[in-house]
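Engineer: What follows is final_31.txt, compact mmCIF, C-alpha atoms and all ligand atoms.
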```txt
# COMPACT_ATOMS: atom_id res chain seq x y z
CA MET A 30 112.58 94.73 98.16
CA ILE A 31 115.96 94.99 96.39
CA LYS A 32 114.77 92.32 93.98
CA ALA A 33 111.59 94.27 93.21
CA VAL A 34 113.57 97.43 92.44
CA PHE A 35 116.00 95.46 90.30
CA PHE A 36 113.26 93.87 88.19
CA THR A 37 111.39 97.15 87.82
CA LEU A 38 114.57 98.80 86.53
CA LEU A 39 115.21 95.91 84.18
CA THR A 40 111.68 96.22 82.78
CA LEU A 41 112.10 99.98 82.32
CA VAL A 42 115.40 99.53 80.46
CA PHE A 43 113.78 96.87 78.27
CA PHE A 44 110.89 99.12 77.21
CA TYR A 45 113.22 102.09 76.78
CA ILE A 46 115.28 100.08 74.31
CA ILE A 47 112.40 98.72 72.25
CA TRP A 48 110.24 101.85 72.26
CA ILE A 49 112.40 104.92 72.64
CA ASN A 50 115.93 104.17 71.57
CA ASN A 51 115.90 100.98 69.56
CA ILE A 52 119.52 99.98 69.20
CA PHE A 53 118.51 97.19 66.82
CA ALA A 54 116.83 99.51 64.31
CA PRO A 55 118.82 100.07 61.12
CA HIS A 56 120.38 103.54 61.13
CA GLU A 57 124.07 102.98 60.67
CA LYS A 58 126.58 105.20 58.97
CA TYR A 59 124.32 106.78 56.36
CA GLU A 60 122.79 110.19 56.79
CA ILE A 61 119.80 112.07 55.45
CA PRO A 62 119.73 115.90 55.53
CA ASN A 63 117.07 117.31 57.81
CA GLN A 64 114.95 118.95 55.11
CA TYR A 65 114.58 115.62 53.23
CA GLU A 66 113.95 113.64 56.39
CA LYS A 67 110.94 115.91 57.00
CA ILE A 68 109.53 114.98 53.59
CA VAL A 69 110.06 111.27 54.27
CA GLU A 70 108.16 111.50 57.55
CA ASP A 71 105.26 113.52 56.21
CA VAL A 72 102.46 111.25 54.95
CA LYS A 73 101.12 113.99 52.71
CA TYR A 74 103.95 113.28 50.23
CA ALA A 75 103.16 109.56 49.99
CA LYS A 76 100.70 110.01 47.11
CA GLU A 77 103.09 112.05 44.98
CA GLY A 78 105.81 109.57 45.93
CA LYS A 79 103.71 106.75 44.52
CA GLN A 80 103.41 108.57 41.18
CA LEU A 81 107.16 109.16 41.14
CA PHE A 82 107.63 105.48 41.91
CA GLU A 83 105.44 104.52 38.96
CA GLN A 84 107.44 106.77 36.64
CA ASN A 85 110.95 105.90 37.84
CA CYS A 86 111.00 102.52 39.55
CA GLN A 87 108.09 100.38 38.39
CA ALA A 88 109.92 99.30 35.22
CA CYS A 89 111.85 96.98 37.54
CA HIS A 90 110.39 96.90 41.06
CA SER A 91 107.18 95.80 42.74
CA VAL A 92 105.57 97.02 45.96
CA ARG A 93 103.43 93.94 46.48
CA TYR A 94 101.80 95.06 49.76
CA ASP A 95 100.30 97.93 47.78
CA ALA A 96 99.34 95.75 44.77
CA VAL A 97 101.94 97.54 42.61
CA TYR A 98 103.68 95.15 40.21
CA PRO A 99 106.56 95.60 37.74
CA ALA A 100 105.43 97.18 34.45
CA SER A 101 105.79 93.95 32.43
CA ILE A 102 103.55 92.11 34.92
CA GLN A 103 101.11 94.99 35.11
CA ALA A 104 100.73 94.66 31.33
CA ASN A 105 99.96 90.93 31.51
CA PRO A 106 96.19 90.42 30.96
CA ASN A 107 96.21 87.49 33.43
CA LEU A 108 96.90 89.86 36.31
CA LYS A 109 93.35 91.16 36.48
CA ALA A 110 91.76 87.72 36.45
CA LEU A 111 94.11 86.53 39.20
CA GLN A 112 93.35 89.61 41.29
CA GLU A 113 89.63 88.99 40.94
CA HIS A 114 90.17 85.49 42.26
CA TYR A 115 92.76 86.06 45.01
CA GLY A 116 92.26 89.73 45.92
CA LYS A 117 94.40 92.70 44.89
CA VAL A 118 97.48 91.58 46.83
CA LEU A 119 98.36 88.21 45.29
CA PRO A 120 99.78 85.44 47.52
CA ALA A 121 103.52 84.98 46.94
CA GLU A 122 103.28 81.45 45.42
CA VAL A 123 100.56 82.52 42.98
CA TYR A 124 102.52 85.62 42.00
CA GLU A 125 105.82 83.82 41.49
CA SER A 126 104.39 80.98 39.42
CA ALA A 127 101.94 83.04 37.34
CA PHE A 128 104.57 85.58 36.33
CA TYR A 129 107.55 83.29 36.11
CA THR A 130 108.37 84.46 32.56
CA GLU A 131 108.36 88.16 33.45
CA LEU A 132 110.40 87.61 36.62
CA SER A 133 112.93 85.49 34.71
CA GLN A 134 113.29 88.23 32.11
CA LEU A 135 114.01 90.78 34.82
CA LYS A 136 116.54 88.39 36.30
CA GLU A 137 118.20 87.93 32.93
CA SER A 138 118.45 91.69 32.37
CA PHE A 139 119.80 92.65 35.80
CA GLY A 140 121.51 89.51 37.09
CA LYS A 141 118.88 89.18 39.81
CA ILE A 142 115.23 89.97 40.26
CA PRO A 143 114.99 93.60 41.44
CA PRO A 144 113.71 93.11 45.00
CA ASP A 145 110.17 93.86 46.13
CA LEU A 146 110.20 97.16 48.01
CA SER A 147 107.21 96.59 50.37
CA THR A 148 109.31 96.22 53.51
CA MET A 149 112.54 97.96 52.43
CA TYR A 150 111.76 100.95 54.62
CA LEU A 151 111.71 98.76 57.70
CA SER A 152 114.68 96.59 56.78
CA ARG A 153 117.03 99.27 55.44
CA GLY A 154 115.94 102.52 57.09
CA LYS A 155 115.48 105.96 55.51
CA GLU A 156 119.16 106.98 55.73
CA TYR A 157 120.32 103.98 53.73
CA LEU A 158 117.49 104.25 51.18
CA PHE A 159 118.11 107.95 50.59
CA ASN A 160 121.79 107.40 49.83
CA PHE A 161 121.29 104.21 47.86
CA ILE A 162 118.49 105.48 45.60
CA LEU A 163 120.32 108.75 44.85
CA ASP A 164 123.54 106.99 43.92
CA PRO A 165 123.33 103.16 43.89
CA GLN A 166 126.95 102.66 42.79
CA LYS A 167 128.31 104.58 45.74
CA VAL A 168 126.50 102.36 48.25
CA LEU A 169 126.56 99.01 46.42
CA PRO A 170 129.52 99.10 44.00
CA GLY A 171 128.85 96.96 40.94
CA THR A 172 125.07 96.95 41.34
CA THR A 173 122.99 96.80 38.16
CA MET A 174 120.43 99.28 39.47
CA PRO A 175 120.75 102.47 37.37
CA PRO A 176 121.05 105.92 39.05
CA VAL A 177 117.57 106.98 37.95
CA MET A 178 117.20 109.58 40.73
CA MET A 179 120.68 111.12 40.51
CA GLY A 180 120.48 114.83 41.43
CA ARG A 181 116.82 114.67 42.56
CA PRO A 182 116.96 114.44 46.37
CA GLU A 183 113.50 115.92 46.90
CA ASP A 184 111.74 113.42 44.63
CA THR A 185 113.79 110.63 46.19
CA ALA A 186 112.55 111.67 49.63
CA LYS A 187 108.95 111.59 48.34
CA ILE A 188 109.42 108.05 47.03
CA ILE A 189 110.77 106.99 50.44
CA SER A 190 107.75 108.66 52.02
CA TYR A 191 105.57 106.40 49.85
CA LEU A 192 107.56 103.29 50.83
CA ARG A 193 107.23 104.33 54.47
CA SER A 194 103.44 104.65 54.15
CA VAL A 195 103.24 101.13 52.70
CA SER A 196 105.45 99.53 55.34
CA GLU A 197 103.71 101.10 58.32
CA PRO A 198 100.26 100.23 59.58
CA SER A 199 97.57 102.90 59.12
CA PRO A 200 97.13 105.53 61.90
CA SER A 201 93.97 103.82 63.21
CA GLU A 202 95.79 100.49 63.34
CA GLN A 203 98.70 102.16 65.15
CA ALA A 204 96.33 103.70 67.70
CA LYS A 205 94.82 100.27 68.32
CA ARG A 206 98.25 98.78 68.90
CA THR A 207 99.27 101.53 71.31
CA LEU A 208 96.07 101.01 73.27
CA MET A 209 96.72 97.28 73.42
CA GLY A 210 100.26 97.93 74.65
CA VAL A 211 98.99 100.21 77.41
CA PHE A 212 96.36 97.65 78.47
CA THR A 213 98.93 94.87 78.55
CA ILE A 214 101.28 96.83 80.77
CA ALA A 215 98.45 97.97 83.05
CA TYR A 216 97.31 94.35 83.36
CA LEU A 217 100.82 93.17 84.27
CA LEU A 218 101.19 95.96 86.83
CA ILE A 219 97.87 95.20 88.52
CA MET A 220 98.56 91.46 88.56
CA GLY A 221 102.01 92.14 90.00
CA ILE A 222 100.54 94.23 92.81
CA LEU A 223 97.83 91.65 93.54
CA ILE A 224 100.39 88.85 93.70
CA TRP A 225 102.55 90.96 95.99
CA ILE A 226 99.61 91.52 98.37
CA TRP A 227 98.63 87.88 98.22
CA ARG A 228 102.21 86.83 99.00
CA GLY A 229 102.20 89.11 102.05
CA ARG A 230 99.01 87.50 103.30
CA ILE A 231 100.35 83.99 102.90
CA LEU A 232 103.56 84.91 104.71
CA LYS A 233 101.47 86.38 107.50
CA LYS A 234 99.34 83.25 107.76
CA MET A 235 102.49 81.18 108.02
CA GLY A 236 103.65 83.47 110.75
CA LEU A 237 106.74 84.57 108.84
CA HIS A 238 105.88 88.25 108.51
C1 LIG B 301 116.32 99.32 35.51
C2 LIG B 301 115.87 98.61 36.65
C3 LIG B 301 115.72 99.35 37.97
C4 LIG B 301 115.11 100.56 38.19
C5 LIG B 301 114.44 101.48 37.19
C6 LIG B 301 115.18 100.78 39.61
N1 LIG B 301 115.82 99.74 40.22
FE1 LIG B 301 116.12 99.51 42.22
N2 LIG B 301 117.15 97.79 41.89
C7 LIG B 301 117.34 97.22 40.66
C8 LIG B 301 118.15 96.03 40.83
C9 LIG B 301 118.61 95.10 39.72
C10 LIG B 301 118.42 95.90 42.22
C11 LIG B 301 119.26 94.84 42.91
C12 LIG B 301 120.58 95.49 43.21
C13 LIG B 301 121.63 94.59 43.75
O1 LIG B 301 121.37 93.86 44.71
O2 LIG B 301 122.75 94.67 43.23
C14 LIG B 301 117.76 97.03 42.85
C15 LIG B 301 117.77 97.25 44.21
C16 LIG B 301 117.05 98.23 44.84
C17 LIG B 301 116.94 98.37 46.29
C18 LIG B 301 117.54 97.44 47.35
C19 LIG B 301 118.95 97.85 47.69
C20 LIG B 301 119.54 96.88 48.69
O3 LIG B 301 120.25 97.34 49.57
O4 LIG B 301 119.31 95.68 48.59
C21 LIG B 301 116.15 99.46 46.51
C22 LIG B 301 115.74 100.01 47.85
C23 LIG B 301 115.78 100.00 45.22
N3 LIG B 301 116.35 99.23 44.23
C24 LIG B 301 114.97 101.10 45.03
C25 LIG B 301 114.65 101.64 43.79
C26 LIG B 301 113.85 102.84 43.62
C27 LIG B 301 113.21 103.63 44.73
C28 LIG B 301 113.79 103.07 42.29
C29 LIG B 301 113.12 104.23 41.58
C30 LIG B 301 113.57 105.53 41.92
C31 LIG B 301 114.51 102.00 41.62
N4 LIG B 301 115.03 101.16 42.56
C32 LIG B 301 114.65 101.88 40.24
C33 LIG B 301 116.86 97.67 39.45
C34 LIG B 301 116.18 98.85 39.26
```
I'd like the structure from this file rewritten - as structure tokens, please.

Structural biologist:
Amino acid sequence: MIKAVFFTLLTLVFFYIIWINNIFAPHEKYEIPNQYEKIVEDVKYAKEGKQLFEQNCQACHSVRYDAVYPASIQANPNLKALQEHYGKVLPAEVYESAFYTELSQLKESFGKIPPDLSTMYLSRGKEYLFNFILDPQKVLPGTTMPPVMMGRPEDTAKIISYLRSVSEPSPSEQAKRTLMGVFTIAYLLIMGILIWIWRGRILKKMGLH
């Protein structure tokens, strides 16, 4: 009995940590004011954010999960043919070899290839992104990324909203995953109860109960 309570508690703590209060998620010392956080979390700004991204960031960055490539690559006539063959989102090896020249030029200009931003929202978190994009030097001293969004917190929040929409699965996909999670836990619970009953029967048969 004590064991059962112990393992139930352990399971509850486990799910609390991964679902409700994920201590491993990135949200360290950076902060984002409430009014901008609301913009980031509202999907209705994602579309405007994408346009702002195209105007301010696409000269250097890609968002490959959304088939958005750096301007120099977007201008390469080969892109369309490759997309017809491989689909809109090009496989990494194809992308890197086909646009080696463009990527090398970016590397030459900035010391490194400006990173793809498809999963930045997940890896860095909104607090970090907000502070970094507004003032790159303050967060990464010596970085070659220019402060293109300096003094424009609202537009910055909209761009992060776009990056968030790319990094997260669509609402229907999320609903499917939640349902699967619920089914999995229900299955484990029912199996646990059945095994418990079965165990009781065996003990009884053996005359130990
Ligand atoms: C002129 C080129 C250029 C433009 C324009 C530009 N960036 Fe960057 N960005 C870079 C480079 C270069 C790096 C790599 C910085 C480093 O690691 O020092 C970078 C890095 C980043 C990173 C990763 C930071 C990290 O912690 O690794 C993010 C996020 C980012 N940029 C977002 C943006 C957004 C959003 C915009 C548009 C508002 C933008 N950038 C515009 C060149 C650019």

Engineer: Can I get the residues close to ligand LIG 301 (chain B) as a PyMOL selection string, where close means within 9 Å and we count only C-alpha atoms and all ligand atoms?

Structural biologist: chain A and resi 81-90+135-136+138-146+149-150+153+157-159+161-163+165+168-178+184-185+188-189+192

Engineer: Which value, in Å to one decimal, gives the distance between CA of Arg228 (chain A) and CA of Phe212 (chain A)?

Structural biologist: 23.9 Å

Engineer: Of the residues A:Met179, A:Leu41, A:Gly154, A:Arg93, which is the one nearest to Lys58 (chain A), using all atoms listed in the file?

Structural biologist: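 Of A:Met179, A:Leu41, A:Gly154, A:Arg93, the one nearest Lys58 (chain A), counting all atoms listed in the file, is A:Gly154.
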
Engineer: Counting only C-alpha atoms, which residues have an atom no more than 8 Å from (117.3, 112.2, 50.9) in the file's coordinates? Please list them as a list in words.

Structural biologist: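 Final list of nearby residues, as requested, is Ile61, Pro62, Tyr65, Glu66, Lys155, Glu156, Leu158, Phe159, Asn160, Leu163, Pro182, Glu183, Thr185 and Ala186 of chain A.
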
Engineer: Check the smallest atom-to-atom distance from each of A:Tyr124, A:Ser194, A:Lys76, A:Gln134 to Ser101 (chain A) using only C-alpha atoms, then report the winner.

Structural biologist: A:Gln134

Engineer: How many Å separate CA of Thr148 (chain A) from CA of Met209 (chain A)?

Structural biologist: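 Going from CA of Thr148 (chain A) over to CA of Met209 (chain A) covers 23.6 Å.
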
Engineer: I need the residue nearest Gln64 (chain A) from this list: A:Ser133, A:Gln203, A:Ile224, A:Lys187. Use all atoms listed in the file for the distance.

Structural biologist: A:Lys187

Engineer: Go ahead and compute the interatomic distance for CA of Ala75 (chain A) and CA of Leu111 (chain A), in Å to one decimal.

Structural biologist: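 If I compute the distance from CA of Ala75 (chain A) to CA of Leu111 (chain A), I get 27.0 Å.
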
Engineer: Could you pull region 36-145 of chain A out of the block above and give me C-alpha atoms, as a short mmCIF file (atom, residue, chain, number, x, y, z; two decimals), in the first residue's frame?

Structural biologist:
```
data_model
loop_
_atom_site.label_atom_id
_atom_site.label_comp_id
_atom_site.auth_asym_id
_atom_site.auth_seq_id
_atom_site.Cartn_x
_atom_site.Cartn_y
_atom_site.Cartn_z
CA PHE A 36 4.64 5.52 -6.98
CA THR A 37 1.40 7.42 -7.57
CA LEU A 38 2.96 10.53 -6.02
CA LEU A 39 6.10 10.07 -8.07
CA THR A 40 4.02 9.84 -11.27
CA LEU A 41 2.05 12.97 -10.32
CA VAL A 42 5.24 14.95 -9.66
CA PHE A 43 6.66 13.74 -12.99
CA PHE A 44 3.64 14.93 -15.00
CA TYR A 45 3.47 18.17 -13.03
CA ILE A 46 7.04 18.94 -14.03
CA ILE A 47 6.72 18.12 -17.71
CA TRP A 48 3.24 19.57 -18.26
CA ILE A 49 2.60 22.35 -15.78
CA ASN A 50 5.85 23.74 -14.49
CA ASN A 51 8.61 22.61 -16.81
CA ILE A 52 11.83 23.43 -15.01
CA PHE A 53 13.80 22.47 -18.12
CA ALA A 54 12.09 25.01 -20.39
CA PRO A 55 14.23 28.02 -21.26
CA HIS A 56 13.05 31.08 -19.33
CA GLU A 57 16.07 32.30 -17.44
CA LYS A 58 16.95 35.82 -16.47
CA TYR A 59 15.36 37.67 -19.38
CA GLU A 60 11.99 39.31 -19.13
CA ILE A 61 9.25 40.36 -21.51
CA PRO A 62 6.72 43.04 -20.48
CA ASN A 63 3.18 41.73 -20.16
CA GLN A 64 1.67 43.74 -23.03
CA TYR A 65 4.24 42.31 -25.50
CA GLU A 66 3.94 38.80 -24.16
CA LYS A 67 0.23 38.97 -25.04
CA ILE A 68 1.11 39.80 -28.64
CA VAL A 69 3.61 36.92 -28.81
CA GLU A 70 0.99 34.45 -27.60
CA ASP A 71 -1.79 35.64 -29.89
CA VAL A 72 -1.76 33.73 -33.19
CA LYS A 73 -3.61 36.54 -34.93
CA TYR A 74 -0.34 38.53 -35.09
CA ALA A 75 1.59 35.71 -36.77
CA LYS A 76 0.69 36.84 -40.30
CA GLU A 77 1.77 40.44 -39.75
CA GLY A 78 4.85 39.08 -37.99
CA LYS A 79 5.75 37.13 -41.11
CA GLN A 80 5.59 40.29 -43.22
CA LEU A 81 7.76 42.11 -40.68
CA PHE A 82 10.16 39.18 -40.81
CA GLU A 83 10.37 39.44 -44.60
CA GLN A 84 11.12 43.16 -44.39
CA ASN A 85 13.61 43.11 -41.51
CA CYS A 86 15.20 39.69 -41.15
CA GLN A 87 15.02 37.77 -44.42
CA ALA A 88 18.10 39.53 -45.82
CA CYS A 89 20.05 37.20 -43.53
CA HIS A 90 17.84 34.53 -41.95
CA SER A 91 15.77 31.57 -43.09
CA VAL A 92 12.72 29.95 -41.48
CA ARG A 93 13.07 26.66 -43.30
CA TYR A 94 10.07 24.93 -41.68
CA ASP A 95 7.93 27.61 -43.29
CA ALA A 96 9.77 27.47 -46.66
CA VAL A 97 11.16 30.98 -46.08
CA TYR A 98 14.74 31.32 -47.33
CA PRO A 99 17.29 34.16 -47.14
CA ALA A 100 16.71 36.83 -49.81
CA SER A 101 19.76 35.83 -51.90
CA ILE A 102 18.52 32.22 -52.03
CA GLN A 103 14.95 33.29 -52.69
CA ALA A 104 16.28 35.14 -55.75
CA ASN A 105 18.09 32.08 -57.10
CA PRO A 106 16.07 30.66 -60.05
CA ASN A 107 17.07 27.10 -59.03
CA LEU A 108 14.96 27.35 -55.89
CA LYS A 109 11.67 26.89 -57.69
CA ALA A 110 12.82 23.85 -59.65
CA LEU A 111 14.17 22.22 -56.48
CA GLN A 112 10.92 22.93 -54.64
CA GLU A 113 8.93 21.33 -57.44
CA HIS A 114 11.07 18.23 -57.08
CA TYR A 115 11.45 17.96 -53.29
CA GLY A 116 8.43 19.88 -51.98
CA LYS A 117 8.35 23.40 -50.56
CA VAL A 118 10.44 22.58 -47.48
CA LEU A 119 13.75 21.38 -48.92
CA PRO A 120 15.68 18.60 -47.16
CA ALA A 121 18.72 19.97 -45.30
CA GLU A 122 21.37 18.25 -47.49
CA VAL A 123 19.73 19.47 -50.70
CA TYR A 124 19.42 22.99 -49.32
CA GLU A 125 22.99 23.20 -48.07
CA SER A 126 24.60 21.86 -51.23
CA ALA A 127 22.38 23.68 -53.75
CA PHE A 128 22.89 27.07 -52.11
CA TYR A 129 26.45 26.64 -50.97
CA THR A 130 27.54 29.87 -52.69
CA GLU A 131 24.84 32.01 -51.07
CA LEU A 132 25.41 30.48 -47.62
CA SER A 133 29.18 31.01 -47.95
CA GLN A 134 28.61 34.65 -48.85
CA LEU A 135 26.47 35.14 -45.76
CA LYS A 136 29.19 33.48 -43.71
CA GLU A 137 31.82 35.74 -45.20
CA SER A 138 29.78 38.87 -44.44
CA PHE A 139 28.84 38.02 -40.86
CA GLY A 140 31.53 35.62 -39.66
CA LYS A 141 28.99 32.82 -39.48
CA ILE A 142 25.85 31.78 -41.28
CA PRO A 143 22.93 33.61 -39.62
CA PRO A 144 21.09 30.68 -38.00
CA ASP A 145 17.81 29.26 -39.25
#
```
